[in-house]
file data_25.cif (mmCIF, N, CA and C atoms and all ligand atoms)
data_my_file
#
loop_
_atom_site.label_atom_id
_atom_site.label_comp_id
_atom_site.auth_asym_id
_atom_site.auth_seq_id
_atom_site.Cartn_x
_atom_site.Cartn_y
_atom_site.Cartn_z
N MET O 1 176.40 79.87 202.56
CA MET O 1 175.42 79.85 203.67
C MET O 1 174.99 81.28 204.00
N LYS O 2 173.67 81.51 204.01
CA LYS O 2 173.18 82.86 204.34
C LYS O 2 173.36 83.16 205.83
N PRO O 3 173.54 84.43 206.19
CA PRO O 3 173.67 84.77 207.62
C PRO O 3 172.34 84.73 208.36
N VAL O 4 172.43 84.52 209.67
CA VAL O 4 171.27 84.77 210.53
C VAL O 4 171.50 86.13 211.20
N TYR O 5 170.39 86.81 211.49
CA TYR O 5 170.44 88.14 212.08
C TYR O 5 169.97 88.09 213.53
N VAL O 6 170.70 88.75 214.41
CA VAL O 6 170.22 89.00 215.78
C VAL O 6 170.12 90.52 215.92
N LEU O 7 168.89 91.00 216.05
CA LEU O 7 168.65 92.45 216.04
C LEU O 7 168.13 92.90 217.41
N ASN O 8 168.68 94.00 217.87
CA ASN O 8 168.36 94.52 219.21
C ASN O 8 167.91 95.97 219.13
N GLY O 9 166.82 96.27 219.81
CA GLY O 9 166.25 97.61 219.79
C GLY O 9 166.80 98.53 220.87
N PRO O 10 166.06 99.61 221.13
CA PRO O 10 166.57 100.71 221.95
C PRO O 10 166.92 100.34 223.39
N ASN O 11 168.00 100.93 223.82
CA ASN O 11 168.52 100.86 225.20
C ASN O 11 169.25 99.57 225.54
N LEU O 12 169.18 98.59 224.66
CA LEU O 12 169.81 97.31 224.98
C LEU O 12 171.35 97.40 224.98
N ASN O 13 171.89 98.49 224.42
CA ASN O 13 173.34 98.74 224.54
C ASN O 13 173.74 99.03 225.99
N ARG O 14 172.75 99.29 226.86
CA ARG O 14 173.04 99.58 228.27
C ARG O 14 172.93 98.34 229.16
N LEU O 15 172.70 97.19 228.56
CA LEU O 15 172.54 95.96 229.35
C LEU O 15 173.73 95.70 230.25
N GLY O 16 173.42 95.20 231.44
CA GLY O 16 174.49 94.88 232.39
C GLY O 16 174.86 96.06 233.26
N LYS O 17 174.32 97.23 232.92
CA LYS O 17 174.73 98.44 233.66
C LYS O 17 173.61 99.01 234.53
N ARG O 18 172.35 98.72 234.18
CA ARG O 18 171.20 99.25 234.91
C ARG O 18 170.17 98.14 235.12
N GLU O 19 169.37 98.28 236.18
CA GLU O 19 168.27 97.35 236.46
C GLU O 19 168.67 95.87 236.33
N PRO O 20 169.76 95.46 237.01
CA PRO O 20 170.19 94.05 236.89
C PRO O 20 169.15 93.07 237.43
N HIS O 21 168.27 93.55 238.34
CA HIS O 21 167.24 92.65 238.89
C HIS O 21 166.23 92.26 237.80
N ILE O 22 166.11 93.08 236.75
CA ILE O 22 165.19 92.74 235.65
C ILE O 22 165.97 92.14 234.47
N TYR O 23 167.08 92.78 234.11
CA TYR O 23 167.76 92.40 232.86
C TYR O 23 169.08 91.66 233.05
N GLY O 24 169.48 91.42 234.32
CA GLY O 24 170.70 90.67 234.57
C GLY O 24 171.95 91.53 234.47
N THR O 25 173.09 90.86 234.55
CA THR O 25 174.38 91.59 234.57
C THR O 25 175.21 91.34 233.31
N THR O 26 174.70 90.53 232.40
CA THR O 26 175.44 90.23 231.17
C THR O 26 175.34 91.42 230.22
N THR O 27 176.47 91.82 229.65
CA THR O 27 176.45 92.94 228.70
C THR O 27 176.07 92.43 227.30
N LEU O 28 175.72 93.38 226.43
CA LEU O 28 175.36 92.99 225.07
C LEU O 28 176.57 92.41 224.33
N ALA O 29 177.77 92.92 224.65
CA ALA O 29 178.99 92.37 224.02
C ALA O 29 179.17 90.90 224.41
N GLU O 30 178.88 90.59 225.68
CA GLU O 30 179.00 89.18 226.12
C GLU O 30 177.93 88.31 225.45
N ILE O 31 176.73 88.89 225.31
CA ILE O 31 175.66 88.15 224.62
C ILE O 31 176.08 87.86 223.17
N GLU O 32 176.68 88.85 222.53
CA GLU O 32 177.13 88.64 221.14
C GLU O 32 178.15 87.50 221.07
N GLU O 33 179.10 87.52 222.00
CA GLU O 33 180.11 86.44 222.04
C GLU O 33 179.43 85.06 222.15
N ASN O 34 178.46 84.96 223.08
CA ASN O 34 177.77 83.68 223.27
C ASN O 34 177.02 83.27 222.00
N CYS O 35 176.42 84.26 221.32
CA CYS O 35 175.69 83.98 220.08
C CYS O 35 176.65 83.45 219.01
N ARG O 36 177.83 84.05 218.93
CA ARG O 36 178.82 83.62 217.91
C ARG O 36 179.24 82.17 218.16
N ARG O 37 179.34 81.80 219.44
CA ARG O 37 179.69 80.42 219.78
C ARG O 37 178.58 79.47 219.31
N VAL O 38 177.32 79.89 219.48
CA VAL O 38 176.19 79.02 219.12
C VAL O 38 176.11 78.79 217.61
N VAL O 39 176.35 79.83 216.81
CA VAL O 39 176.12 79.67 215.36
C VAL O 39 177.24 78.92 214.66
N GLY O 40 178.43 78.82 215.28
CA GLY O 40 179.53 78.09 214.65
C GLY O 40 179.92 78.70 213.32
N GLU O 41 179.83 77.90 212.26
CA GLU O 41 180.27 78.34 210.92
C GLU O 41 179.30 79.30 210.26
N ARG O 42 178.06 79.29 210.70
CA ARG O 42 177.02 80.12 210.06
C ARG O 42 177.32 81.60 210.31
N PRO O 43 177.36 82.42 209.26
CA PRO O 43 177.60 83.86 209.48
C PRO O 43 176.50 84.48 210.35
N LEU O 44 176.92 85.39 211.22
CA LEU O 44 175.98 86.05 212.15
C LEU O 44 176.12 87.56 212.01
N ILE O 45 175.00 88.22 211.76
CA ILE O 45 174.97 89.69 211.81
C ILE O 45 174.29 90.05 213.12
N PHE O 46 175.04 90.65 214.05
CA PHE O 46 174.52 91.01 215.38
C PHE O 46 174.53 92.52 215.48
N ARG O 47 173.36 93.14 215.66
CA ARG O 47 173.28 94.60 215.66
C ARG O 47 172.37 95.10 216.79
N GLN O 48 172.69 96.31 217.26
CA GLN O 48 171.81 97.03 218.19
C GLN O 48 171.66 98.45 217.66
N THR O 49 170.43 98.97 217.77
CA THR O 49 170.20 100.36 217.39
C THR O 49 169.13 100.97 218.29
N ASN O 50 169.27 102.27 218.51
CA ASN O 50 168.24 103.00 219.27
C ASN O 50 167.22 103.64 218.33
N SER O 51 167.40 103.44 217.03
CA SER O 51 166.56 104.11 216.05
C SER O 51 165.59 103.13 215.36
N GLU O 52 164.31 103.48 215.32
CA GLU O 52 163.31 102.64 214.66
C GLU O 52 163.61 102.53 213.16
N GLU O 53 164.01 103.65 212.57
CA GLU O 53 164.33 103.66 211.14
C GLU O 53 165.47 102.68 210.83
N THR O 54 166.51 102.74 211.66
CA THR O 54 167.66 101.85 211.43
C THR O 54 167.26 100.38 211.62
N LEU O 55 166.43 100.13 212.64
CA LEU O 55 166.01 98.75 212.90
C LEU O 55 165.23 98.20 211.71
N ILE O 56 164.35 99.02 211.16
CA ILE O 56 163.57 98.59 209.98
C ILE O 56 164.52 98.38 208.79
N GLY O 57 165.50 99.25 208.65
CA GLY O 57 166.51 99.09 207.59
C GLY O 57 167.25 97.76 207.72
N LEU O 58 167.53 97.36 208.95
CA LEU O 58 168.22 96.08 209.17
C LEU O 58 167.31 94.90 208.83
N VAL O 59 166.02 95.04 209.11
CA VAL O 59 165.07 93.98 208.70
C VAL O 59 165.04 93.90 207.17
N HIS O 60 165.06 95.05 206.50
CA HIS O 60 165.09 95.05 205.03
C HIS O 60 166.34 94.34 204.51
N GLU O 61 167.48 94.60 205.17
CA GLU O 61 168.72 93.93 204.78
C GLU O 61 168.57 92.41 204.94
N ALA O 62 167.94 92.00 206.05
CA ALA O 62 167.73 90.56 206.29
C ALA O 62 166.78 89.97 205.25
N ILE O 63 165.81 90.76 204.81
CA ILE O 63 164.87 90.28 203.77
C ILE O 63 165.66 89.92 202.51
N ASP O 64 166.65 90.73 202.19
CA ASP O 64 167.44 90.49 200.97
C ASP O 64 168.51 89.43 201.16
N GLU O 65 169.04 89.30 202.38
CA GLU O 65 170.26 88.49 202.53
C GLU O 65 170.21 87.43 203.63
N GLY O 66 169.20 87.47 204.50
CA GLY O 66 169.25 86.64 205.71
C GLY O 66 168.45 85.35 205.62
N ALA O 67 168.90 84.36 206.42
CA ALA O 67 168.19 83.07 206.48
C ALA O 67 167.16 83.06 207.62
N GLY O 68 167.37 83.89 208.65
CA GLY O 68 166.46 83.90 209.79
C GLY O 68 166.78 85.09 210.69
N ILE O 69 165.80 85.44 211.53
CA ILE O 69 165.96 86.60 212.41
C ILE O 69 165.59 86.24 213.84
N VAL O 70 166.46 86.59 214.78
CA VAL O 70 166.09 86.68 216.20
C VAL O 70 166.03 88.17 216.49
N ILE O 71 164.92 88.62 217.05
CA ILE O 71 164.80 90.07 217.29
C ILE O 71 164.31 90.35 218.70
N ASN O 72 165.06 91.20 219.41
CA ASN O 72 164.59 91.78 220.66
C ASN O 72 164.29 93.25 220.34
N PRO O 73 163.04 93.56 220.02
CA PRO O 73 162.73 94.93 219.58
C PRO O 73 162.62 95.93 220.73
N ALA O 74 162.79 95.45 221.98
CA ALA O 74 162.67 96.30 223.17
C ALA O 74 161.36 97.11 223.10
N ALA O 75 161.40 98.41 223.34
CA ALA O 75 160.14 99.17 223.41
C ALA O 75 159.36 99.19 222.09
N PHE O 76 160.05 99.01 220.95
CA PHE O 76 159.34 99.01 219.66
C PHE O 76 158.39 97.81 219.52
N THR O 77 158.60 96.79 220.38
CA THR O 77 157.69 95.63 220.44
C THR O 77 156.24 96.08 220.56
N PHE O 78 156.05 97.12 221.39
CA PHE O 78 154.70 97.51 221.82
C PHE O 78 154.16 98.71 221.08
N THR O 79 154.97 99.26 220.16
CA THR O 79 154.58 100.52 219.52
C THR O 79 154.63 100.50 218.00
N SER O 80 155.43 99.59 217.41
CA SER O 80 155.80 99.82 216.00
C SER O 80 155.09 98.91 215.00
N LEU O 81 154.04 99.46 214.40
CA LEU O 81 153.39 98.76 213.29
C LEU O 81 154.32 98.71 212.08
N ALA O 82 155.18 99.72 211.96
CA ALA O 82 156.13 99.76 210.83
C ALA O 82 157.11 98.60 210.93
N LEU O 83 157.54 98.28 212.14
CA LEU O 83 158.44 97.14 212.33
C LEU O 83 157.70 95.84 212.01
N LEU O 84 156.46 95.72 212.48
CA LEU O 84 155.65 94.54 212.17
C LEU O 84 155.51 94.37 210.65
N ASP O 85 155.21 95.46 209.96
CA ASP O 85 155.05 95.39 208.50
C ASP O 85 156.33 94.92 207.83
N ALA O 86 157.47 95.42 208.31
CA ALA O 86 158.76 95.01 207.72
C ALA O 86 158.99 93.52 207.97
N LEU O 87 158.73 93.06 209.19
CA LEU O 87 158.95 91.64 209.51
C LEU O 87 158.03 90.73 208.70
N LYS O 88 156.84 91.23 208.37
CA LYS O 88 155.90 90.43 207.56
C LYS O 88 156.46 90.17 206.16
N MET O 89 157.37 91.05 205.70
CA MET O 89 157.96 90.85 204.36
C MET O 89 159.06 89.80 204.38
N PHE O 90 159.53 89.43 205.56
CA PHE O 90 160.62 88.46 205.66
C PHE O 90 160.05 87.05 205.51
N GLU O 91 160.69 86.25 204.67
CA GLU O 91 160.11 84.92 204.37
C GLU O 91 160.61 83.79 205.27
N GLY O 92 161.74 83.99 205.93
CA GLY O 92 162.30 82.94 206.79
C GLY O 92 161.74 83.00 208.20
N PRO O 93 162.29 82.15 209.10
CA PRO O 93 161.81 82.14 210.48
C PRO O 93 162.20 83.40 211.28
N VAL O 94 161.27 83.83 212.11
CA VAL O 94 161.49 84.99 212.99
C VAL O 94 161.20 84.55 214.42
N ILE O 95 162.16 84.76 215.31
CA ILE O 95 161.94 84.49 216.73
C ILE O 95 162.03 85.80 217.50
N GLU O 96 160.96 86.11 218.22
CA GLU O 96 160.92 87.31 219.08
C GLU O 96 161.50 86.92 220.43
N LEU O 97 162.40 87.75 220.93
CA LEU O 97 163.12 87.41 222.16
C LEU O 97 163.05 88.56 223.16
N HIS O 98 162.72 88.23 224.39
CA HIS O 98 162.79 89.22 225.49
C HIS O 98 163.57 88.60 226.64
N ILE O 99 164.44 89.39 227.21
CA ILE O 99 165.25 88.93 228.34
C ILE O 99 164.36 88.68 229.56
N SER O 100 163.46 89.63 229.80
CA SER O 100 162.53 89.51 230.93
C SER O 100 161.24 88.84 230.45
N ASN O 101 160.48 88.34 231.41
CA ASN O 101 159.16 87.79 231.07
C ASN O 101 158.17 88.96 231.01
N ILE O 102 157.92 89.44 229.80
CA ILE O 102 157.10 90.64 229.63
C ILE O 102 155.68 90.45 230.19
N HIS O 103 155.22 89.20 230.25
CA HIS O 103 153.84 88.94 230.72
C HIS O 103 153.72 89.02 232.24
N LYS O 104 154.85 88.98 232.91
CA LYS O 104 154.87 89.08 234.37
C LYS O 104 154.94 90.55 234.79
N ARG O 105 155.11 91.43 233.81
CA ARG O 105 155.36 92.83 234.12
C ARG O 105 154.09 93.67 233.94
N GLU O 106 154.25 94.99 233.96
CA GLU O 106 153.09 95.88 233.86
C GLU O 106 152.33 95.65 232.55
N GLN O 107 151.03 96.01 232.57
CA GLN O 107 150.13 95.84 231.42
C GLN O 107 150.70 96.39 230.11
N ILE O 108 151.40 97.52 230.18
CA ILE O 108 151.92 98.14 228.94
C ILE O 108 152.91 97.24 228.20
N TYR O 109 153.45 96.23 228.89
CA TYR O 109 154.41 95.31 228.26
C TYR O 109 153.74 94.02 227.77
N HIS O 110 152.42 93.97 227.77
CA HIS O 110 151.76 92.70 227.44
C HIS O 110 151.38 92.54 225.98
N LYS O 111 151.14 93.65 225.27
CA LYS O 111 150.62 93.52 223.90
C LYS O 111 151.74 93.78 222.88
N SER O 112 152.26 92.69 222.34
CA SER O 112 153.35 92.79 221.36
C SER O 112 152.81 92.77 219.93
N TYR O 113 153.12 93.81 219.16
CA TYR O 113 152.80 93.77 217.72
C TYR O 113 153.65 92.72 217.00
N VAL O 114 154.91 92.62 217.41
CA VAL O 114 155.86 91.72 216.73
C VAL O 114 155.40 90.26 216.82
N SER O 115 154.71 89.91 217.92
CA SER O 115 154.22 88.52 218.08
C SER O 115 153.25 88.12 216.98
N MET O 116 152.63 89.12 216.32
CA MET O 116 151.69 88.79 215.25
C MET O 116 152.40 88.23 214.02
N ARG O 117 153.73 88.39 213.95
CA ARG O 117 154.52 87.80 212.86
C ARG O 117 155.47 86.71 213.35
N ALA O 118 155.88 86.78 214.60
CA ALA O 118 156.92 85.86 215.08
C ALA O 118 156.46 84.40 214.97
N ASP O 119 157.39 83.52 214.61
CA ASP O 119 157.09 82.09 214.59
C ASP O 119 157.17 81.51 215.99
N ALA O 120 157.97 82.14 216.85
CA ALA O 120 158.08 81.72 218.24
C ALA O 120 158.47 82.92 219.07
N VAL O 121 158.14 82.84 220.36
CA VAL O 121 158.47 83.93 221.29
C VAL O 121 159.17 83.32 222.50
N ILE O 122 160.30 83.90 222.86
CA ILE O 122 161.01 83.46 224.07
C ILE O 122 161.10 84.67 224.99
N ALA O 123 160.66 84.50 226.24
CA ALA O 123 160.70 85.62 227.20
C ALA O 123 160.97 85.07 228.58
N GLY O 124 161.88 85.73 229.30
CA GLY O 124 162.07 85.40 230.70
C GLY O 124 163.24 84.49 231.00
N LEU O 125 164.02 84.12 229.97
CA LEU O 125 165.19 83.25 230.21
C LEU O 125 166.46 84.04 230.47
N GLY O 126 166.33 85.36 230.60
CA GLY O 126 167.52 86.19 230.79
C GLY O 126 168.37 86.21 229.52
N ALA O 127 169.67 86.51 229.71
CA ALA O 127 170.57 86.60 228.56
C ALA O 127 170.67 85.27 227.82
N TYR O 128 170.47 84.15 228.54
CA TYR O 128 170.53 82.83 227.91
C TYR O 128 169.46 82.67 226.82
N GLY O 129 168.41 83.48 226.90
CA GLY O 129 167.35 83.42 225.89
C GLY O 129 167.88 83.59 224.47
N TYR O 130 168.92 84.42 224.32
CA TYR O 130 169.49 84.62 222.97
C TYR O 130 170.06 83.31 222.43
N GLU O 131 170.77 82.57 223.30
CA GLU O 131 171.35 81.30 222.85
C GLU O 131 170.25 80.30 222.52
N ALA O 132 169.25 80.23 223.40
CA ALA O 132 168.13 79.31 223.16
C ALA O 132 167.42 79.66 221.85
N ALA O 133 167.24 80.95 221.62
CA ALA O 133 166.55 81.40 220.39
C ALA O 133 167.37 81.01 219.16
N LEU O 134 168.69 81.16 219.25
CA LEU O 134 169.52 80.84 218.08
C LEU O 134 169.57 79.33 217.81
N VAL O 135 169.63 78.53 218.87
CA VAL O 135 169.60 77.06 218.68
C VAL O 135 168.31 76.69 217.94
N ALA O 136 167.20 77.27 218.38
CA ALA O 136 165.92 76.98 217.73
C ALA O 136 165.89 77.51 216.29
N LEU O 137 166.40 78.73 216.11
CA LEU O 137 166.39 79.33 214.76
C LEU O 137 167.18 78.47 213.77
N LEU O 138 168.33 77.95 214.22
CA LEU O 138 169.18 77.14 213.33
C LEU O 138 168.47 75.86 212.88
N ARG O 139 167.55 75.39 213.70
CA ARG O 139 166.77 74.21 213.29
C ARG O 139 165.69 74.57 212.29
N LEU O 140 165.28 75.85 212.30
CA LEU O 140 164.18 76.28 211.43
C LEU O 140 164.65 76.80 210.08
N VAL O 141 165.90 77.29 210.00
CA VAL O 141 166.34 77.91 208.74
C VAL O 141 166.50 76.86 207.64
N LYS O 142 166.24 77.33 206.41
CA LYS O 142 166.29 76.38 205.29
C LYS O 142 167.59 76.49 204.50
N ASP O 143 168.16 77.71 204.42
CA ASP O 143 169.38 77.83 203.58
C ASP O 143 170.45 78.68 204.24
O1 LIG B 201 163.09 92.02 228.38
C1 LIG B 201 163.42 92.50 227.30
O2 LIG B 201 164.34 92.04 226.61
C2 LIG B 201 162.72 93.75 226.79
O3 LIG B 201 162.56 93.65 225.37
C3 LIG B 201 163.58 94.94 227.15
C4 LIG B 201 162.93 96.29 226.88
C5 LIG B 201 161.53 96.40 227.41
O4 LIG B 201 160.91 97.55 226.89
C6 LIG B 201 160.72 95.18 227.04
O5 LIG B 201 159.52 95.28 227.71
C7 LIG B 201 161.37 93.89 227.41
C8 LIG B 201 163.66 97.47 227.50
C9 LIG B 201 165.13 97.43 227.41
C10 LIG B 201 165.67 98.46 228.32
O6 LIG B 201 167.04 98.30 228.31
C11 LIG B 201 167.70 98.39 229.45
C12 LIG B 201 169.00 98.00 229.39
C13 LIG B 201 169.76 98.04 230.52
C14 LIG B 201 169.23 98.44 231.69
C15 LIG B 201 167.93 98.86 231.74
C16 LIG B 201 167.15 98.83 230.61
#
call {"tool": "encode", "arguments": {"input": "data_25.cif", "output": "structure tokens"}}
result
Amino acid sequence: MKPVYVLNGPNLNRLGKREPHIYGTTTLAEIEENCRRVVGERPLIFRQTNSEETLIGLVHEAIDEGAGIVINPAAFTFTSLALLDALKMFEGPVIELHISNIHKREQIYHKSYVSMRADAVIAGLGAYGYEAALVALLRLVKD
């Protein structure tokens, strides 16, 4: 069984420590635990990076080895054509995930490049969004 990837962009390693009114109090380690519970036997690669280069490298790894991707690209959502190009090379399902409802926020958070490739977008469900995204991804993956 191929692994599914949950990829997290910049600053998400600080979850649970700042701006709880926007991002909640759940830490990324707790989110990872919840994700592992959801996938059961399916291997899960769960990663966070503050580097665009590393994030793209992880998408490349998923292109070679992964069955599906859940990605919270954080600020790279709104800036990175390189990330969009990498995701376009991935043949399986891609779900874009945001903890907050980006459309309820300032204008700069409204235009996602990643949405141009994502098969589905989940935003505003808080930390639970990761679990919801993985449940949906597991229904979409083929191998
Ligand atoms: O809501 C999300 O998941 C976001 O992808 C988070 C990004 C933001 O740029 C997007 O608009 C929406 C920012 C993550 C900042 O990370 C923090 C972590 C802990 C405390 C404060 C910020």
call {"tool": "residues_near_ligand", "arguments": {"input": "data_25.cif", "ligand": "ligand LIG 201 (chain B)", "cutoff": "8 Å", "atoms": "only N, CA and C atoms and all ligand atoms", "output": "PyMOL selection string"}}
result
chain O and resi 9-20+22-24+71-78+97-103+108-110+123-124+126
call {"tool": "residues_around", "arguments": {"input": "data_25.cif", "residues": "Val59 in chain O", "least_positions_apart": "5", "cutoff": "8 Å", "atoms": "all atoms listed in the file", "output": "ChimeraX atom specification"}}
result
/O:7,53-54,64-65,86-87,89-90
call {"tool": "atom_distance", "arguments": {"input": "data_25.cif", "atom1": "CA of Leu137 in chain O", "atom2": "atom C of Ile31 in chain O"}}
result
15.4 Å
call {"tool": "closest_residue", "arguments": {"input": "data_25.cif", "among": "O:Val114, O:Leu55, O:Thr27, O:Glu41", "to": "Leu81 in chain O", "atoms": "only N, CA and C atoms"}}
result
O:Val114
call {"tool": "axis_aligned_box", "arguments": {"input": "data_25.cif", "around": "range 48-63 of chain O", "padding_each_side": "6 Å", "output": "JSON"}}
result
{"center_x": 168.0, "center_y": 97.0, "center_z": 210.9, "size_x": 21.4, "size_y": 26.2, "size_z": 28.8}
call {"tool": "residues_near_point", "arguments": {"input": "data_25.cif", "point": "(173.2, 80.1, 214.6)", "cutoff": "5 Å", "atoms": "only N, CA and C atoms", "output": "PyMOL selection string"}}
result
chain O and resi 38-39+134
call {"tool": "closest_residue", "arguments": {"input": "data_25.cif", "among": "O:Ile56, O:Cys35, O:Val141, O:Ala120", "to": "Gly68 in chain O", "atoms": "only C-alpha atoms"}}
result
O:Val141
call {"tool": "select_by_dssp", "arguments": {"input": "data_25.cif", "residues": "chain O", "states": "alpha helix (DSSP H)", "output": "NGL selection string"}}
result
:O and (20-23 or 28-39 or 52-65 or 81-88 or 128-140)
call {"tool": "atom_distance", "arguments": {"input": "data_25.cif", "atom1": "atom N of Leu84 in chain O", "atom2": "CA of Gly40 in chain O"}}
result
29.1 Å
call {"tool": "residues_near_point", "arguments": {"input": "data_25.cif", "point": "(175.2, 78.9, 203.6)", "cutoff": "9 Å", "atoms": "only C-alpha atoms", "output": "list in words"}}
result
Met1, Lys2, Pro3, Glu41, Arg42, Pro43, Ala67 and Asp143 of chain O
call {"tool": "atom_distance", "arguments": {"input": "data_25.cif", "atom1": "CA of Asp85 in chain O", "atom2": "CA of Ile122 in chain O"}}
result
20.5 Å
call {"tool": "closest_residue", "arguments": {"input": "data_25.cif", "among": "O:Leu125, O:Val6, O:Gly92, O:Arg105", "to": "Arg139 in chain O", "atoms": "only C-alpha atoms"}}
result
O:Gly92
call {"tool": "closest_residue", "arguments": {"input": "data_25.cif", "among": "O:Ala29, O:Leu83, O:Ile95, O:Leu138", "to": "Tyr113 in chain O", "atoms": "all atoms listed in the file"}}
result
O:Leu83
call {"tool": "residues_around", "arguments": {"input": "data_25.cif", "residues": "Ile69 in chain O", "least_positions_apart": "6", "cutoff": "5 Å", "atoms": "all atoms listed in the file", "output": "list in words"}}
result
Tyr5, Pro93, Val94 and Ile95 of chain O
call {"tool": "closest_residue", "arguments": {"input": "data_25.cif", "among": "O:Gln107, O:Ser51, O:Thr25, O:Asn34", "to": "Gly129 in chain O", "atoms": "only C-alpha atoms"}}
result
O:Asn34
call {"tool": "build_atoms", "arguments": {"input": "data_25.cif", "residues": "range 63-74 of chain O", "atoms": "N, CA, C and O atoms", "output": "PDB file, in the frame of the given file"}}
result
ATOM      1  N   ILE O  63     165.810  90.760 204.810  1.00  0.00           N
ATOM      2  CA  ILE O  63     164.870  90.280 203.770  1.00  0.00           C
ATOM      3  C   ILE O  63     165.660  89.920 202.510  1.00  0.00           C
ATOM      4  O   ILE O  63     165.404  88.904 201.861  1.00  0.00           O
ATOM      5  N   ASP O  64     166.650  90.730 202.190  1.00  0.00           N
ATOM      6  CA  ASP O  64     167.440  90.490 200.970  1.00  0.00           C
ATOM      7  C   ASP O  64     168.510  89.430 201.160  1.00  0.00           C
ATOM      8  O   ASP O  64     168.848  88.723 200.215  1.00  0.00           O
ATOM      9  N   GLU O  65     169.040  89.300 202.380  1.00  0.00           N
ATOM     10  CA  GLU O  65     170.260  88.490 202.530  1.00  0.00           C
ATOM     11  C   GLU O  65     170.210  87.430 203.630  1.00  0.00           C
ATOM     12  O   GLU O  65     171.109  86.576 203.689  1.00  0.00           O
ATOM     13  N   GLY O  66     169.200  87.470 204.500  1.00  0.00           N
ATOM     14  CA  GLY O  66     169.250  86.640 205.710  1.00  0.00           C
ATOM     15  C   GLY O  66     168.450  85.350 205.620  1.00  0.00           C
ATOM     16  O   GLY O  66     167.469  85.250 204.880  1.00  0.00           O
ATOM     17  N   ALA O  67     168.900  84.360 206.420  1.00  0.00           N
ATOM     18  CA  ALA O  67     168.190  83.070 206.480  1.00  0.00           C
ATOM     19  C   ALA O  67     167.160  83.060 207.620  1.00  0.00           C
ATOM     20  O   ALA O  67     166.195  82.290 207.573  1.00  0.00           O
ATOM     21  N   GLY O  68     167.370  83.890 208.650  1.00  0.00           N
ATOM     22  CA  GLY O  68     166.460  83.900 209.790  1.00  0.00           C
ATOM     23  C   GLY O  68     166.780  85.090 210.690  1.00  0.00           C
ATOM     24  O   GLY O  68     167.861  85.671 210.593  1.00  0.00           O
ATOM     25  N   ILE O  69     165.800  85.440 211.530  1.00  0.00           N
ATOM     26  CA  ILE O  69     165.960  86.600 212.410  1.00  0.00           C
ATOM     27  C   ILE O  69     165.590  86.240 213.840  1.00  0.00           C
ATOM     28  O   ILE O  69     164.511  85.678 214.078  1.00  0.00           O
ATOM     29  N   VAL O  70     166.460  86.590 214.780  1.00  0.00           N
ATOM     30  CA  VAL O  70     166.090  86.680 216.200  1.00  0.00           C
ATOM     31  C   VAL O  70     166.030  88.170 216.490  1.00  0.00           C
ATOM     32  O   VAL O  70     166.990  88.901 216.215  1.00  0.00           O
ATOM     33  N   ILE O  71     164.920  88.620 217.050  1.00  0.00           N
ATOM     34  CA  ILE O  71     164.800  90.070 217.290  1.00  0.00           C
ATOM     35  C   ILE O  71     164.310  90.350 218.700  1.00  0.00           C
ATOM     36  O   ILE O  71     163.305  89.771 219.149  1.00  0.00           O
ATOM     37  N   ASN O  72     165.060  91.200 219.410  1.00  0.00           N
ATOM     38  CA  ASN O  72     164.590  91.780 220.660  1.00  0.00           C
ATOM     39  C   ASN O  72     164.290  93.250 220.340  1.00  0.00           C
ATOM     40  O   ASN O  72     165.191  94.092 220.391  1.00  0.00           O
ATOM     41  N   PRO O  73     163.040  93.560 220.020  1.00  0.00           N
ATOM     42  CA  PRO O  73     162.730  94.930 219.580  1.00  0.00           C
ATOM     43  C   PRO O  73     162.620  95.930 220.730  1.00  0.00           C
ATOM     44  O   PRO O  73     162.380  97.113 220.483  1.00  0.00           O
ATOM     45  N   ALA O  74     162.790  95.450 221.980  1.00  0.00           N
ATOM     46  CA  ALA O  74     162.670  96.300 223.170  1.00  0.00           C
ATOM     47  C   ALA O  74     161.360  97.110 223.100  1.00  0.00           C
ATOM     48  O   ALA O  74     160.315  96.528 222.774  1.00  0.00           O
TER      49      ALA O  74
END
